[in-house]
>>> print(open('run26.txt').read())   # compact mmCIF, N, CA and C atoms
# COMPACT_ATOMS: atom_id res chain seq x y z
N MET Z 1 0.86 -1.17 0.00
CA MET Z 1 0.00 0.00 0.00
C MET Z 1 0.90 1.23 0.00
N ALA Z 2 0.61 2.15 -0.89
CA ALA Z 2 1.39 3.38 -0.99
C ALA Z 2 1.23 4.24 0.26
N ARG Z 3 2.25 5.01 0.56
CA ARG Z 3 2.23 5.87 1.76
C ARG Z 3 1.00 6.76 1.78
N ARG Z 4 0.64 7.32 0.63
CA ARG Z 4 -0.54 8.19 0.58
C ARG Z 4 -1.78 7.44 1.06
N ALA Z 5 -1.97 6.21 0.61
CA ALA Z 5 -3.14 5.43 1.00
C ALA Z 5 -3.15 5.16 2.50
N VAL Z 6 -1.99 4.84 3.04
CA VAL Z 6 -1.88 4.59 4.48
C VAL Z 6 -2.24 5.85 5.26
N ASP Z 7 -1.71 6.98 4.84
CA ASP Z 7 -2.00 8.25 5.52
C ASP Z 7 -3.49 8.58 5.46
N GLU Z 8 -4.11 8.41 4.28
CA GLU Z 8 -5.54 8.70 4.13
C GLU Z 8 -6.37 7.77 5.00
N LEU Z 9 -6.00 6.50 5.04
CA LEU Z 9 -6.73 5.53 5.84
C LEU Z 9 -6.65 5.88 7.33
N GLU Z 10 -5.45 6.15 7.81
CA GLU Z 10 -5.28 6.48 9.23
C GLU Z 10 -6.01 7.77 9.61
N TYR Z 11 -5.87 8.80 8.79
CA TYR Z 11 -6.52 10.08 9.08
C TYR Z 11 -8.05 9.92 9.12
N SER Z 12 -8.59 9.24 8.12
CA SER Z 12 -10.04 9.08 8.03
C SER Z 12 -10.57 8.21 9.17
N ALA Z 13 -9.85 7.17 9.52
CA ALA Z 13 -10.28 6.31 10.63
C ALA Z 13 -10.32 7.10 11.93
N MET Z 14 -9.30 7.93 12.16
CA MET Z 14 -9.28 8.75 13.39
C MET Z 14 -10.43 9.76 13.37
N ALA Z 15 -10.73 10.33 12.22
CA ALA Z 15 -11.83 11.30 12.12
C ALA Z 15 -13.17 10.62 12.41
N TYR Z 16 -13.38 9.43 11.86
CA TYR Z 16 -14.62 8.71 12.13
C TYR Z 16 -14.70 8.28 13.59
N GLU Z 17 -13.59 7.89 14.16
CA GLU Z 17 -13.58 7.48 15.57
C GLU Z 17 -13.92 8.66 16.47
N ALA Z 18 -13.50 9.86 16.08
CA ALA Z 18 -13.82 11.06 16.86
C ALA Z 18 -15.32 11.38 16.80
N ILE Z 19 -15.96 10.98 15.73
CA ILE Z 19 -17.40 11.21 15.58
C ILE Z 19 -18.18 10.26 16.48
N SER Z 20 -17.77 8.98 16.46
CA SER Z 20 -18.49 7.97 17.23
C SER Z 20 -17.56 6.80 17.52
N LYS Z 21 -17.51 6.41 18.78
CA LYS Z 21 -16.64 5.30 19.18
C LYS Z 21 -17.01 4.06 18.37
N GLY Z 22 -16.01 3.45 17.75
CA GLY Z 22 -16.21 2.24 16.96
C GLY Z 22 -16.41 2.50 15.48
N LEU Z 23 -16.75 3.73 15.10
CA LEU Z 23 -16.99 4.05 13.70
C LEU Z 23 -15.70 3.96 12.88
N GLY Z 24 -14.59 4.36 13.47
CA GLY Z 24 -13.30 4.26 12.79
C GLY Z 24 -12.93 2.82 12.53
N VAL Z 25 -13.22 1.94 13.47
CA VAL Z 25 -12.94 0.52 13.30
C VAL Z 25 -13.81 -0.06 12.19
N ARG Z 26 -15.08 0.34 12.14
CA ARG Z 26 -15.96 -0.14 11.07
C ARG Z 26 -15.47 0.34 9.71
N PHE Z 27 -14.95 1.57 9.65
CA PHE Z 27 -14.38 2.09 8.41
C PHE Z 27 -13.18 1.25 7.98
N ILE Z 28 -12.26 1.00 8.89
CA ILE Z 28 -11.07 0.19 8.58
C ILE Z 28 -11.48 -1.22 8.13
N ASN Z 29 -12.47 -1.80 8.79
CA ASN Z 29 -12.93 -3.14 8.42
C ASN Z 29 -13.48 -3.17 7.00
N GLU Z 30 -14.22 -2.12 6.62
CA GLU Z 30 -14.77 -2.08 5.27
C GLU Z 30 -13.66 -1.91 4.23
N VAL Z 31 -12.69 -1.05 4.53
CA VAL Z 31 -11.55 -0.89 3.61
C VAL Z 31 -10.80 -2.21 3.51
N ASP Z 32 -10.58 -2.87 4.62
CA ASP Z 32 -9.88 -4.16 4.62
C ASP Z 32 -10.62 -5.19 3.77
N SER Z 33 -11.94 -5.20 3.86
CA SER Z 33 -12.75 -6.12 3.08
C SER Z 33 -12.58 -5.86 1.58
N ILE Z 34 -12.60 -4.60 1.19
CA ILE Z 34 -12.41 -4.23 -0.23
C ILE Z 34 -11.02 -4.65 -0.69
N ILE Z 35 -10.01 -4.43 0.14
CA ILE Z 35 -8.64 -4.79 -0.23
C ILE Z 35 -8.51 -6.30 -0.41
N LYS Z 36 -9.17 -7.07 0.44
CA LYS Z 36 -9.16 -8.53 0.28
C LYS Z 36 -9.83 -8.95 -1.03
N THR Z 37 -10.92 -8.28 -1.37
CA THR Z 37 -11.59 -8.57 -2.65
C THR Z 37 -10.67 -8.23 -3.82
N ILE Z 38 -10.00 -7.09 -3.75
CA ILE Z 38 -9.05 -6.70 -4.79
C ILE Z 38 -7.94 -7.73 -4.91
N ALA Z 39 -7.43 -8.20 -3.78
CA ALA Z 39 -6.34 -9.18 -3.79
C ALA Z 39 -6.77 -10.50 -4.43
N SER Z 40 -8.00 -10.91 -4.16
CA SER Z 40 -8.46 -12.19 -4.70
C SER Z 40 -8.98 -12.10 -6.13
N SER Z 41 -9.49 -10.93 -6.52
CA SER Z 41 -10.03 -10.72 -7.87
C SER Z 41 -9.60 -9.35 -8.38
N PRO Z 42 -8.34 -9.16 -8.68
CA PRO Z 42 -7.83 -7.82 -9.01
C PRO Z 42 -8.45 -7.16 -10.24
N LYS Z 43 -9.00 -7.95 -11.14
CA LYS Z 43 -9.60 -7.37 -12.35
C LYS Z 43 -11.11 -7.16 -12.21
N LEU Z 44 -11.63 -7.38 -11.03
CA LEU Z 44 -13.07 -7.23 -10.79
C LEU Z 44 -13.55 -5.80 -11.04
N TYR Z 45 -12.76 -4.84 -10.62
CA TYR Z 45 -13.16 -3.43 -10.75
C TYR Z 45 -12.58 -2.84 -12.02
N GLN Z 46 -13.34 -1.93 -12.62
CA GLN Z 46 -12.95 -1.39 -13.92
C GLN Z 46 -11.88 -0.31 -13.83
N VAL Z 47 -11.18 -0.14 -14.94
CA VAL Z 47 -10.21 0.95 -15.06
C VAL Z 47 -11.03 2.22 -15.27
N VAL Z 48 -10.75 3.26 -14.46
CA VAL Z 48 -11.50 4.51 -14.59
C VAL Z 48 -10.73 5.56 -15.38
N TYR Z 49 -9.42 5.57 -15.26
CA TYR Z 49 -8.58 6.43 -16.08
C TYR Z 49 -7.14 5.96 -15.96
N ASN Z 50 -6.40 6.21 -17.03
CA ASN Z 50 -5.04 5.70 -17.13
C ASN Z 50 -5.05 4.22 -16.74
N GLU Z 51 -4.26 3.82 -15.79
CA GLU Z 51 -4.22 2.42 -15.34
C GLU Z 51 -4.95 2.22 -14.02
N TYR Z 52 -5.55 3.28 -13.47
CA TYR Z 52 -6.18 3.20 -12.16
C TYR Z 52 -7.54 2.51 -12.22
N ARG Z 53 -7.71 1.56 -11.33
CA ARG Z 53 -9.00 0.91 -11.11
C ARG Z 53 -9.57 1.47 -9.81
N VAL Z 54 -10.88 1.38 -9.66
CA VAL Z 54 -11.49 1.94 -8.45
C VAL Z 54 -12.54 1.00 -7.89
N ALA Z 55 -12.51 0.86 -6.57
CA ALA Z 55 -13.51 0.08 -5.83
C ALA Z 55 -14.16 1.03 -4.83
N HIS Z 56 -15.48 1.11 -4.87
CA HIS Z 56 -16.21 2.02 -3.99
C HIS Z 56 -16.66 1.30 -2.72
N LEU Z 57 -16.48 1.94 -1.58
CA LEU Z 57 -16.98 1.39 -0.33
C LEU Z 57 -18.50 1.53 -0.33
N LYS Z 58 -19.18 0.64 0.39
CA LYS Z 58 -20.64 0.67 0.42
C LYS Z 58 -21.19 1.61 1.48
N ARG Z 59 -20.57 1.62 2.66
CA ARG Z 59 -21.14 2.37 3.78
C ARG Z 59 -20.49 3.72 4.03
N PHE Z 60 -19.40 3.98 3.37
CA PHE Z 60 -18.67 5.23 3.57
C PHE Z 60 -18.42 5.86 2.20
N PRO Z 61 -18.35 7.20 2.13
CA PRO Z 61 -18.16 7.87 0.84
C PRO Z 61 -16.69 7.89 0.41
N PHE Z 62 -16.11 6.71 0.26
CA PHE Z 62 -14.70 6.56 -0.09
C PHE Z 62 -14.55 5.58 -1.24
N SER Z 63 -13.44 5.74 -1.97
CA SER Z 63 -13.07 4.82 -3.04
C SER Z 63 -11.62 4.42 -2.86
N VAL Z 64 -11.33 3.18 -3.21
CA VAL Z 64 -9.95 2.67 -3.17
C VAL Z 64 -9.43 2.65 -4.60
N PHE Z 65 -8.37 3.41 -4.86
CA PHE Z 65 -7.75 3.46 -6.18
C PHE Z 65 -6.52 2.56 -6.18
N TYR Z 66 -6.41 1.74 -7.21
CA TYR Z 66 -5.28 0.81 -7.28
C TYR Z 66 -4.89 0.56 -8.73
N THR Z 67 -3.69 0.02 -8.91
CA THR Z 67 -3.22 -0.41 -10.21
C THR Z 67 -2.76 -1.85 -10.10
N LEU Z 68 -2.71 -2.51 -11.24
CA LEU Z 68 -2.19 -3.87 -11.30
C LEU Z 68 -0.74 -3.79 -11.76
N GLU Z 69 0.15 -4.28 -10.93
CA GLU Z 69 1.58 -4.27 -11.21
C GLU Z 69 2.07 -5.72 -11.27
N GLU Z 70 3.30 -5.91 -11.64
CA GLU Z 70 3.86 -7.26 -11.70
C GLU Z 70 3.78 -7.97 -10.35
N GLU Z 71 3.98 -7.23 -9.28
CA GLU Z 71 3.96 -7.82 -7.94
C GLU Z 71 2.54 -7.96 -7.38
N GLY Z 72 1.55 -7.53 -8.13
CA GLY Z 72 0.15 -7.63 -7.70
C GLY Z 72 -0.52 -6.26 -7.68
N ALA Z 73 -1.65 -6.19 -7.02
CA ALA Z 73 -2.39 -4.93 -6.92
C ALA Z 73 -1.68 -3.99 -5.94
N VAL Z 74 -1.55 -2.74 -6.35
CA VAL Z 74 -0.94 -1.71 -5.49
C VAL Z 74 -2.01 -0.67 -5.19
N ILE Z 75 -2.31 -0.50 -3.91
CA ILE Z 75 -3.30 0.49 -3.47
C ILE Z 75 -2.61 1.86 -3.43
N HIS Z 76 -3.16 2.82 -4.18
CA HIS Z 76 -2.56 4.15 -4.25
C HIS Z 76 -3.28 5.17 -3.38
N ALA Z 77 -4.58 4.98 -3.18
CA ALA Z 77 -5.33 5.97 -2.41
C ALA Z 77 -6.58 5.35 -1.81
N VAL Z 78 -6.92 5.82 -0.62
CA VAL Z 78 -8.22 5.58 0.01
C VAL Z 78 -8.86 6.96 0.01
N PHE Z 79 -9.55 7.25 -1.08
CA PHE Z 79 -9.96 8.61 -1.41
C PHE Z 79 -11.34 8.95 -0.88
N ASP Z 80 -11.43 10.08 -0.19
CA ASP Z 80 -12.69 10.61 0.30
C ASP Z 80 -13.40 11.27 -0.89
N ASN Z 81 -14.51 10.70 -1.33
CA ASN Z 81 -15.21 11.18 -2.51
C ASN Z 81 -15.81 12.57 -2.35
N ARG Z 82 -15.80 13.11 -1.14
CA ARG Z 82 -16.31 14.46 -0.93
C ARG Z 82 -15.26 15.51 -1.27
N GLN Z 83 -14.05 15.08 -1.58
CA GLN Z 83 -12.97 16.00 -1.94
C GLN Z 83 -13.09 16.40 -3.41
N ASP Z 84 -12.29 17.37 -3.78
CA ASP Z 84 -12.18 17.80 -5.17
C ASP Z 84 -11.63 16.62 -5.98
N PRO Z 85 -12.31 16.20 -7.04
CA PRO Z 85 -11.84 15.07 -7.85
C PRO Z 85 -10.44 15.29 -8.44
N ALA Z 86 -10.01 16.51 -8.54
CA ALA Z 86 -8.66 16.78 -9.05
C ALA Z 86 -7.58 16.25 -8.10
N LYS Z 87 -7.94 15.94 -6.87
CA LYS Z 87 -6.98 15.43 -5.89
C LYS Z 87 -6.82 13.91 -5.96
N ARG Z 88 -7.61 13.25 -6.83
CA ARG Z 88 -7.46 11.80 -6.98
C ARG Z 88 -6.06 11.47 -7.47
N PRO Z 89 -5.64 10.23 -7.28
CA PRO Z 89 -4.27 9.88 -7.74
C PRO Z 89 -4.13 10.00 -9.25
>>> encode(input="run26.txt", output="structure tokens")
Amino acid sequence: MARRAVDELEYSAMAYEAISKGLGVRFINEVDSIIKTIASSPKLYQVVYNEYRVAHLKRFPFSVFYTLEEEGAVIHAVFDNRQDPAKRP
């Protein structure tokens, strides 16, 4: 997982946890579930631009952006969809 994705995940989990105890953990669990799906079926999600594929979370307004590399799927961002789309990877 790229440093940017780790930073976004940690920041967002802390923000959700500040809103409600346990919400940050539920956010991390949902991201983890998507990452497991990507790992087992990396071509499941479509390419949205360039080489980036995107998987949308169901319960949170976030998307996981990744590419397929020789070593496997590389997660580039856990993107908050409420941000300016120009900030996507």
>>> select_by_dssp(input="run26.txt", residues="region 13-88 of chain Z", states="strand (DSSP E or B)", output="list of chain:residue names")
Z:Val47, Z:Val48, Z:Tyr49, Z:Tyr52, Z:Arg53, Z:Val54, Z:Ala55, Z:His56, Z:Phe62, Z:Ser63, Z:Val64, Z:Phe65, Z:Tyr66, Z:Thr67, Z:Leu68, Z:Glu69, Z:Gly72, Z:Ala73, Z:Val74, Z:Ile75, Z:His76, Z:Ala77, Z:Val78, Z:Phe79, Z:Asp80
>>> residues_around(input="run26.txt", residues="region 34-37 of chain Z", least_positions_apart="6", cutoff="10 Å", atoms="only C-alpha atoms", output="PDB file with N, CA and C atoms, in the frame of the given file")
ATOM      1  N   MET Z   1       0.860  -1.170   0.000  1.00  0.00           N
ATOM      2  CA  MET Z   1       0.000   0.000   0.000  1.00  0.00           C
ATOM      3  C   MET Z   1       0.900   1.230   0.000  1.00  0.00           C
ATOM      4  N   ILE Z  28     -12.260   1.000   8.890  1.00  0.00           N
ATOM      5  CA  ILE Z  28     -11.070   0.190   8.580  1.00  0.00           C
ATOM      6  C   ILE Z  28     -11.480  -1.220   8.130  1.00  0.00           C
ATOM      7  N   LYS Z  43      -9.000  -7.950 -11.140  1.00  0.00           N
ATOM      8  CA  LYS Z  43      -9.600  -7.370 -12.350  1.00  0.00           C
ATOM      9  C   LYS Z  43     -11.110  -7.160 -12.210  1.00  0.00           C
ATOM     10  N   LEU Z  44     -11.630  -7.380 -11.030  1.00  0.00           N
ATOM     11  CA  LEU Z  44     -13.070  -7.230 -10.790  1.00  0.00           C
ATOM     12  C   LEU Z  44     -13.550  -5.800 -11.040  1.00  0.00           C
ATOM     13  N   TYR Z  45     -12.760  -4.840 -10.620  1.00  0.00           N
ATOM     14  CA  TYR Z  45     -13.160  -3.430 -10.750  1.00  0.00           C
ATOM     15  C   TYR Z  45     -12.580  -2.840 -12.020  1.00  0.00           C
ATOM     16  N   ALA Z  55     -12.510   0.860  -6.570  1.00  0.00           N
ATOM     17  CA  ALA Z  55     -13.510   0.080  -5.830  1.00  0.00           C
ATOM     18  C   ALA Z  55     -14.160   1.030  -4.830  1.00  0.00           C
ATOM     19  N   HIS Z  56     -15.480   1.110  -4.870  1.00  0.00           N
ATOM     20  CA  HIS Z  56     -16.210   2.020  -3.990  1.00  0.00           C
ATOM     21  C   HIS Z  56     -16.660   1.300  -2.720  1.00  0.00           C
ATOM     22  N   LEU Z  57     -16.480   1.940  -1.580  1.00  0.00           N
ATOM     23  CA  LEU Z  57     -16.980   1.390  -0.330  1.00  0.00           C
ATOM     24  C   LEU Z  57     -18.500   1.530  -0.330  1.00  0.00           C
ATOM     25  N   LYS Z  58     -19.180   0.640   0.390  1.00  0.00           N
ATOM     26  CA  LYS Z  58     -20.640   0.670   0.420  1.00  0.00           C
ATOM     27  C   LYS Z  58     -21.190   1.610   1.480  1.00  0.00           C
ATOM     28  N   SER Z  63     -13.440   5.740  -1.970  1.00  0.00           N
ATOM     29  CA  SER Z  63     -13.070   4.820  -3.040  1.00  0.00           C
ATOM     30  C   SER Z  63     -11.620   4.420  -2.860  1.00  0.00           C
ATOM     31  N   VAL Z  64     -11.330   3.180  -3.210  1.00  0.00           N
ATOM     32  CA  VAL Z  64      -9.950   2.670  -3.170  1.00  0.00           C
ATOM     33  C   VAL Z  64      -9.430   2.650  -4.600  1.00  0.00           C
ATOM     34  N   TYR Z  66      -6.410   1.740  -7.210  1.00  0.00           N
ATOM     35  CA  TYR Z  66      -5.280   0.810  -7.280  1.00  0.00           C
ATOM     36  C   TYR Z  66      -4.890   0.560  -8.730  1.00  0.00           C
ATOM     37  N   ALA Z  73      -1.650  -6.190  -7.020  1.00  0.00           N
ATOM     38  CA  ALA Z  73      -2.390  -4.930  -6.920  1.00  0.00           C
ATOM     39  C   ALA Z  73      -1.680  -3.990  -5.940  1.00  0.00           C
ATOM     40  N   VAL Z  74      -1.550  -2.740  -6.350  1.00  0.00           N
ATOM     41  CA  VAL Z  74      -0.940  -1.710  -5.490  1.00  0.00           C
ATOM     42  C   VAL Z  74      -2.010  -0.670  -5.190  1.00  0.00           C
ATOM     43  N   ILE Z  75      -2.310  -0.500  -3.910  1.00  0.00           N
ATOM     44  CA  ILE Z  75      -3.300   0.490  -3.470  1.00  0.00           C
ATOM     45  C   ILE Z  75      -2.610   1.860  -3.430  1.00  0.00           C
TER      46      ILE Z  75
END
>>> closest_residue(input="run26.txt", among="Z:Ala13, Z:Asp32, Z:Thr67, Z:Lys87", to="Val54 (chain Z)", atoms="only N, CA and C atoms")
Z:Thr67
>>> select_by_dssp(input="run26.txt", residues="chain Z", states="helix (DSSP H, G or I)", output="number ranges by chain")
Z: 3-19, 23-40, 85-87
>>> closest_residue(input="run26.txt", among="Z:Leu23, Z:Val6, Z:Ser40, Z:Arg88", to="Tyr52 (chain Z)", atoms="only C-alpha atoms")
Z:Arg88
>>> closest_residue(input="run26.txt", among="Z:Leu68, Z:Ser41, Z:Phe27, Z:Asn50", to="Asp80 (chain Z)", atoms="only C-alpha atoms")
Z:Phe27
>>> atom_distance(input="run26.txt", atom1="atom N of Tyr49 (chain Z)", atom2="atom N of Ala86 (chain Z)")
12.9 Å
>>> atom_distance(input="run26.txt", atom1="CA of Pro61 (chain Z)", atom2="CA of Arg82 (chain Z)")
7.1 Å
>>> atom_distance(input="run26.txt", atom1="atom C of Phe65 (chain Z)", atom2="atom N of Asn29 (chain Z)")
16.7 Å
>>> closest_residue(input="run26.txt", among="Z:Pro42, Z:Arg3, Z:Glu30, Z:Leu9", to="Phe79 (chain Z)", atoms="only C-alpha atoms")
Z:Leu9
>>> closest_residue(input="run26.txt", among="Z:Ala77, Z:Ser20, Z:Pro89, Z:Ala39", to="Ala5 (chain Z)", atoms="all atoms listed in the file")
Z:Ala77
